[in-house]
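As provided, query26.tsv (TSV, C-alpha atoms) reads as follows.
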```
chain	number	residue	atom	x	y	z
D	1	MET	CA	23.71	12.39	119.15
D	2	HIS	CA	21.57	14.45	121.53
D	3	ASN	CA	21.10	13.98	125.25
D	4	VAL	CA	18.49	11.31	125.98
D	5	LEU	CA	16.17	10.79	128.94
D	6	PHE	CA	15.30	7.11	129.41
D	7	LEU	CA	12.22	6.21	131.44
D	8	LEU	CA	12.75	2.70	132.81
D	9	CYS	CA	11.56	0.10	135.26
D	10	PRO	CA	14.20	-0.45	137.97
D	11	THR	CA	13.62	-4.23	137.89
D	12	ASP	CA	14.98	-4.34	134.30
D	13	CYS	CA	18.46	-3.10	135.33
D	14	LEU	CA	19.05	-1.57	131.88
D	15	GLU	CA	21.12	1.49	132.74
D	16	THR	CA	24.51	-0.11	131.98
D	17	ILE	CA	23.19	-1.82	128.83
D	18	ILE	CA	21.77	1.49	127.60
D	19	ASP	CA	25.04	3.29	128.33
D	20	ASP	CA	26.94	0.61	126.38
D	21	THR	CA	24.45	0.58	123.47
D	22	PHE	CA	23.58	4.22	122.89
D	23	ASN	CA	26.44	6.61	122.24
D	24	CYS	CA	25.02	9.72	123.90
D	25	GLN	CA	24.65	11.42	127.26
D	26	ASN	CA	21.99	9.35	129.04
D	27	TYR	CA	19.71	10.39	131.89
D	28	PHE	CA	17.37	8.01	133.71
D	29	TYR	CA	14.03	8.18	135.48
D	30	THR	CA	12.70	4.94	136.96
D	31	SER	CA	9.28	3.73	138.07
D	32	LEU	CA	7.93	0.21	138.51
D	33	GLY	CA	6.71	-1.10	135.17
D	34	ASN	CA	7.12	2.44	133.79
D	35	SER	CA	3.88	3.18	135.63
D	36	PHE	CA	4.83	6.65	136.91
D	37	THR	CA	2.04	9.11	137.41
D	38	SER	CA	2.00	12.32	135.46
D	39	ASP	CA	1.36	14.52	138.47
D	40	TYR	CA	2.48	18.15	138.46
D	41	LYS	CA	5.55	17.57	140.67
D	42	THR	CA	6.86	14.66	138.57
D	43	ILE	CA	6.26	16.37	135.21
D	44	ASN	CA	7.76	19.62	136.46
D	45	SER	CA	10.92	17.79	137.64
D	46	ILE	CA	11.26	16.06	134.27
D	47	ARG	CA	10.62	19.35	132.46
D	48	GLU	CA	13.41	21.02	134.49
D	49	LEU	CA	15.76	18.12	133.69
D	50	ILE	CA	14.97	18.41	129.97
D	51	ILE	CA	15.66	22.14	129.96
D	52	LYS	CA	18.78	22.01	132.16
D	53	HIS	CA	20.48	19.24	130.16
D	54	LYS	CA	19.12	20.26	126.74
D	55	ILE	CA	17.51	16.84	126.27
D	56	LYS	CA	16.13	16.33	122.77
D	57	ASN	CA	15.00	12.69	123.01
D	58	VAL	CA	12.87	10.86	125.56
D	59	CYS	CA	12.69	7.07	125.37
D	60	PHE	CA	10.31	4.83	127.32
D	61	VAL	CA	11.87	1.36	127.68
D	62	LEU	CA	10.65	-1.95	129.08
D	63	SER	CA	12.32	-5.33	128.89
D	64	ASN	CA	10.32	-8.17	127.37
D	65	ASP	CA	11.04	-10.14	130.56
D	66	ASN	CA	10.06	-7.31	132.91
D	67	GLU	CA	9.28	-8.69	136.38
D	68	ILE	CA	6.35	-6.34	136.95
D	69	ILE	CA	4.73	-7.26	133.62
D	70	LYS	CA	5.35	-10.98	134.23
D	71	ASP	CA	3.71	-10.62	137.63
D	72	ALA	CA	0.78	-8.76	136.07
D	73	PHE	CA	0.33	-11.70	133.66
D	74	GLY	CA	0.55	-14.21	136.50
D	75	GLU	CA	-0.13	-14.30	140.22
D	76	GLN	CA	0.00	-10.52	140.79
D	77	TYR	CA	2.03	-10.77	144.00
D	78	PHE	CA	3.06	-7.11	143.73
D	79	SER	CA	-0.46	-5.75	143.17
D	80	GLU	CA	-0.58	-4.13	146.61
D	81	ILE	CA	2.47	-1.96	145.87
D	82	ASN	CA	1.36	1.65	145.57
D	83	GLY	CA	0.06	2.37	142.07
D	84	LEU	CA	0.33	-1.16	140.66
D	85	LYS	CA	-3.23	-2.37	141.32
D	86	SER	CA	-4.81	-0.22	138.58
D	87	PHE	CA	-1.82	-0.92	136.32
D	88	TYR	CA	-2.34	-4.67	136.79
D	89	LYS	CA	-6.06	-4.31	136.00
D	90	LYS	CA	-5.19	-2.58	132.71
D	91	VAL	CA	-2.64	-5.27	131.82
D	92	SER	CA	-5.13	-8.07	132.53
D	93	LYS	CA	-7.84	-6.38	130.47
D	94	GLU	CA	-5.50	-5.76	127.53
D	95	LYS	CA	-4.12	-9.30	127.75
D	96	GLU	CA	-7.64	-10.71	127.29
D	97	LEU	CA	-8.44	-8.32	124.46
D	98	LEU	CA	-5.19	-8.94	122.60
D	99	GLU	CA	-5.38	-12.72	123.02
D	100	ALA	CA	-8.79	-12.59	121.33
D	101	ILE	CA	-7.39	-10.48	118.47
D	102	TRP	CA	-3.81	-11.69	117.97
D	103	GLY	CA	-3.59	-15.01	119.78
D	104	ALA	CA	-0.63	-15.77	122.04
D	105	ASP	CA	2.11	-15.12	119.45
D	106	HIS	CA	2.39	-11.33	119.78
D	107	ARG	CA	0.71	-10.90	123.14
D	108	LYS	CA	3.56	-9.61	125.31
D	109	ASP	CA	5.11	-7.21	122.78
D	110	SER	CA	1.63	-5.98	121.89
D	111	ILE	CA	0.79	-5.28	125.51
D	112	LEU	CA	4.16	-3.64	126.18
D	113	SER	CA	3.71	-1.51	123.06
D	114	TYR	CA	0.16	-0.61	124.04
D	115	PHE	CA	1.22	0.60	127.48
D	116	LEU	CA	4.31	2.42	126.28
D	117	ASN	CA	2.20	4.16	123.61
D	118	MET	CA	-0.30	5.12	126.32
D	119	LYS	CA	2.49	6.47	128.54
D	120	ILE	CA	3.99	8.41	125.62
D	121	LYS	CA	0.61	9.97	124.81
D	122	GLU	CA	0.00	10.84	128.48
D	123	PHE	CA	3.54	12.20	128.85
D	124	GLU	CA	3.26	14.39	125.73
D	125	ALA	CA	-0.06	15.81	126.90
D	126	ASN	CA	1.21	16.61	130.39
D	127	LEU	CA	4.67	17.83	129.38
D	128	GLY	CA	3.21	20.44	127.08
D	129	TYR	CA	5.24	22.92	125.07
D	130	ILE	CA	8.77	23.73	126.18
D	131	PRO	CA	10.02	26.91	124.47
D	132	HIS	CA	13.02	26.36	122.18
D	133	HIS	CA	12.89	22.58	122.66
D	134	GLN	CA	11.82	20.07	120.03
D	135	ILE	CA	11.36	16.80	121.96
D	136	ASN	CA	11.23	13.43	120.19
D	137	ILE	CA	9.46	10.79	122.32
D	138	ILE	CA	9.73	7.11	121.42
D	139	GLY	CA	9.35	3.67	123.01
D	140	LYS	CA	11.56	0.60	122.87
D	141	ILE	CA	11.35	-2.98	124.07
D	142	TYR	CA	14.57	-4.64	125.19
D	143	ASN	CA	14.93	-8.32	124.26
D	144	ARG	CA	17.32	-9.80	126.83
D	145	PHE	CA	17.78	-13.05	124.89
D	146	GLU	CA	18.87	-11.19	121.73
D	147	ASN	CA	20.49	-8.31	123.66
D	148	SER	CA	18.72	-5.84	121.39
D	149	PHE	CA	16.29	-2.93	121.50
D	150	ARG	CA	13.31	-2.80	119.12
D	151	ASN	CA	10.90	-0.01	118.47
D	152	ILE	CA	7.45	-0.51	119.94
D	153	TYR	CA	4.49	-1.23	117.71
D	154	SER	CA	2.75	1.86	116.41
D	155	ASN	CA	-0.54	3.13	117.75
D	156	ILE	CA	-2.20	1.71	114.62
D	157	THR	CA	-1.35	-1.79	115.81
D	158	CYS	CA	-2.33	-1.05	119.41
D	159	LEU	CA	-6.09	-0.97	119.27
D	160	ASN	CA	-8.28	0.94	121.67
D	161	LYS	CA	-11.76	-0.36	122.43
D	162	HIS	CA	-14.59	1.87	121.19
D	163	ILE	CA	-18.31	1.23	121.50
D	164	LEU	CA	-20.72	2.88	119.08
D	165	ASN	CA	-24.46	3.00	119.68
```
Written form, structure tokens:
Amino acid sequence: MHNVLFLLCPTDCLETIIDDTFNCQNYFYTSLGNSFTSDYKTINSIRELIIKHKIKNVCFVLSNDNEIIKDAFGEQYFSEINGLKSFYKKVSKEKELLEAIWGADHRKDSILSYFLNMKIKEFEANLGYIPHHQINIIGKIYNRFENSFRNIYSNITCLNKHILN
């Protein structure tokens, strides 16, 4: 298996679980709720890491009991932490939209999938082409109760709001 870069939330504490689950050379980049910004410095550092370690796979991962997501659904105690206020707004908006469409049954996995798909799309656009590197970018949700990783829902399932006049 190829070298893999995992983008994680530090509150999930998944590094050891990932090392035990995936039989490959793992690298980690963490940001709260996987809400990192795709600024030049961050993307350039990740690009250098990908090239240096010949990384072929990038995997965005969030736990289904992620503390930042739970807080975004609830009281939003952490909303004043740098960068989380706009993230929390997006989560609240999507929660309302998805509850109207899906009901409560698939709400959390749908929202996690939506945001991970958004981050993947943003990451791909900002990472750009790396010569001689074919990068596979995916997303996974970790279910702590089942101790398992599942693929995120596809973009087809994660609806974007469009208004036509």
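Atom pair CA of Lys108 (chain D) / CA of Asn143 (chain D): separated by 11.5 Å.
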Residues at most 10 Å from Ser35 (chain D), counting all atoms listed in the file, excluding those fewer than 6 positions away in the same chain, as JSON, numbers by chain? {"D": [7, 8, 9, 68, 83, 84, 86, 87, 115, 116, 119]}
Taking (16.2, -6.5, 122.4) in the file's own coordinates, collect the residues within 12 Å, counting all atoms listed in the file, and hand them back as a PyMOL selection string. chain D and resi 14+17-18+21+61-65+109+140-152
Do you have the CA of Lys95 (chain D)-CA of Asp71 (chain D) distance handy? 12.7 Å
Atom-to-atom span, CA of Asn66 (chain D) and CA of Arg47 (chain D), Å: 26.7 Å
Write out as an mmCIF file with C-alpha atoms, in the frame of the given file the residues lying within 12 Å of region 51-54 of chain D, counting all atoms listed in the file and excluding same-chain residues fewer than 2 positions away.
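What follows is the written file out_26.cif:
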```cif
data_model
loop_
_atom_site.group_PDB
_atom_site.id
_atom_site.type_symbol
_atom_site.label_atom_id
_atom_site.label_comp_id
_atom_site.auth_asym_id
_atom_site.auth_seq_id
_atom_site.Cartn_x
_atom_site.Cartn_y
_atom_site.Cartn_z
ATOM 1 C CA MET D 1 23.710 12.390 119.150
ATOM 2 C CA HIS D 2 21.570 14.450 121.530
ATOM 3 C CA ASN D 3 21.100 13.980 125.250
ATOM 4 C CA VAL D 4 18.490 11.310 125.980
ATOM 5 C CA LEU D 5 16.170 10.790 128.940
ATOM 6 C CA GLN D 25 24.650 11.420 127.260
ATOM 7 C CA ASN D 26 21.990 9.350 129.040
ATOM 8 C CA TYR D 27 19.710 10.390 131.890
ATOM 9 C CA ASN D 44 7.760 19.620 136.460
ATOM 10 C CA SER D 45 10.920 17.790 137.640
ATOM 11 C CA ILE D 46 11.260 16.060 134.270
ATOM 12 C CA ARG D 47 10.620 19.350 132.460
ATOM 13 C CA GLU D 48 13.410 21.020 134.490
ATOM 14 C CA LEU D 49 15.760 18.120 133.690
ATOM 15 C CA LYS D 56 16.130 16.330 122.770
ATOM 16 C CA ASN D 57 15.000 12.690 123.010
ATOM 17 C CA VAL D 58 12.870 10.860 125.560
ATOM 18 C CA LEU D 127 4.670 17.830 129.380
ATOM 19 C CA TYR D 129 5.240 22.920 125.070
ATOM 20 C CA ILE D 130 8.770 23.730 126.180
ATOM 21 C CA PRO D 131 10.020 26.910 124.470
ATOM 22 C CA HIS D 132 13.020 26.360 122.180
ATOM 23 C CA HIS D 133 12.890 22.580 122.660
ATOM 24 C CA GLN D 134 11.820 20.070 120.030
ATOM 25 C CA ILE D 135 11.360 16.800 121.960
#
```
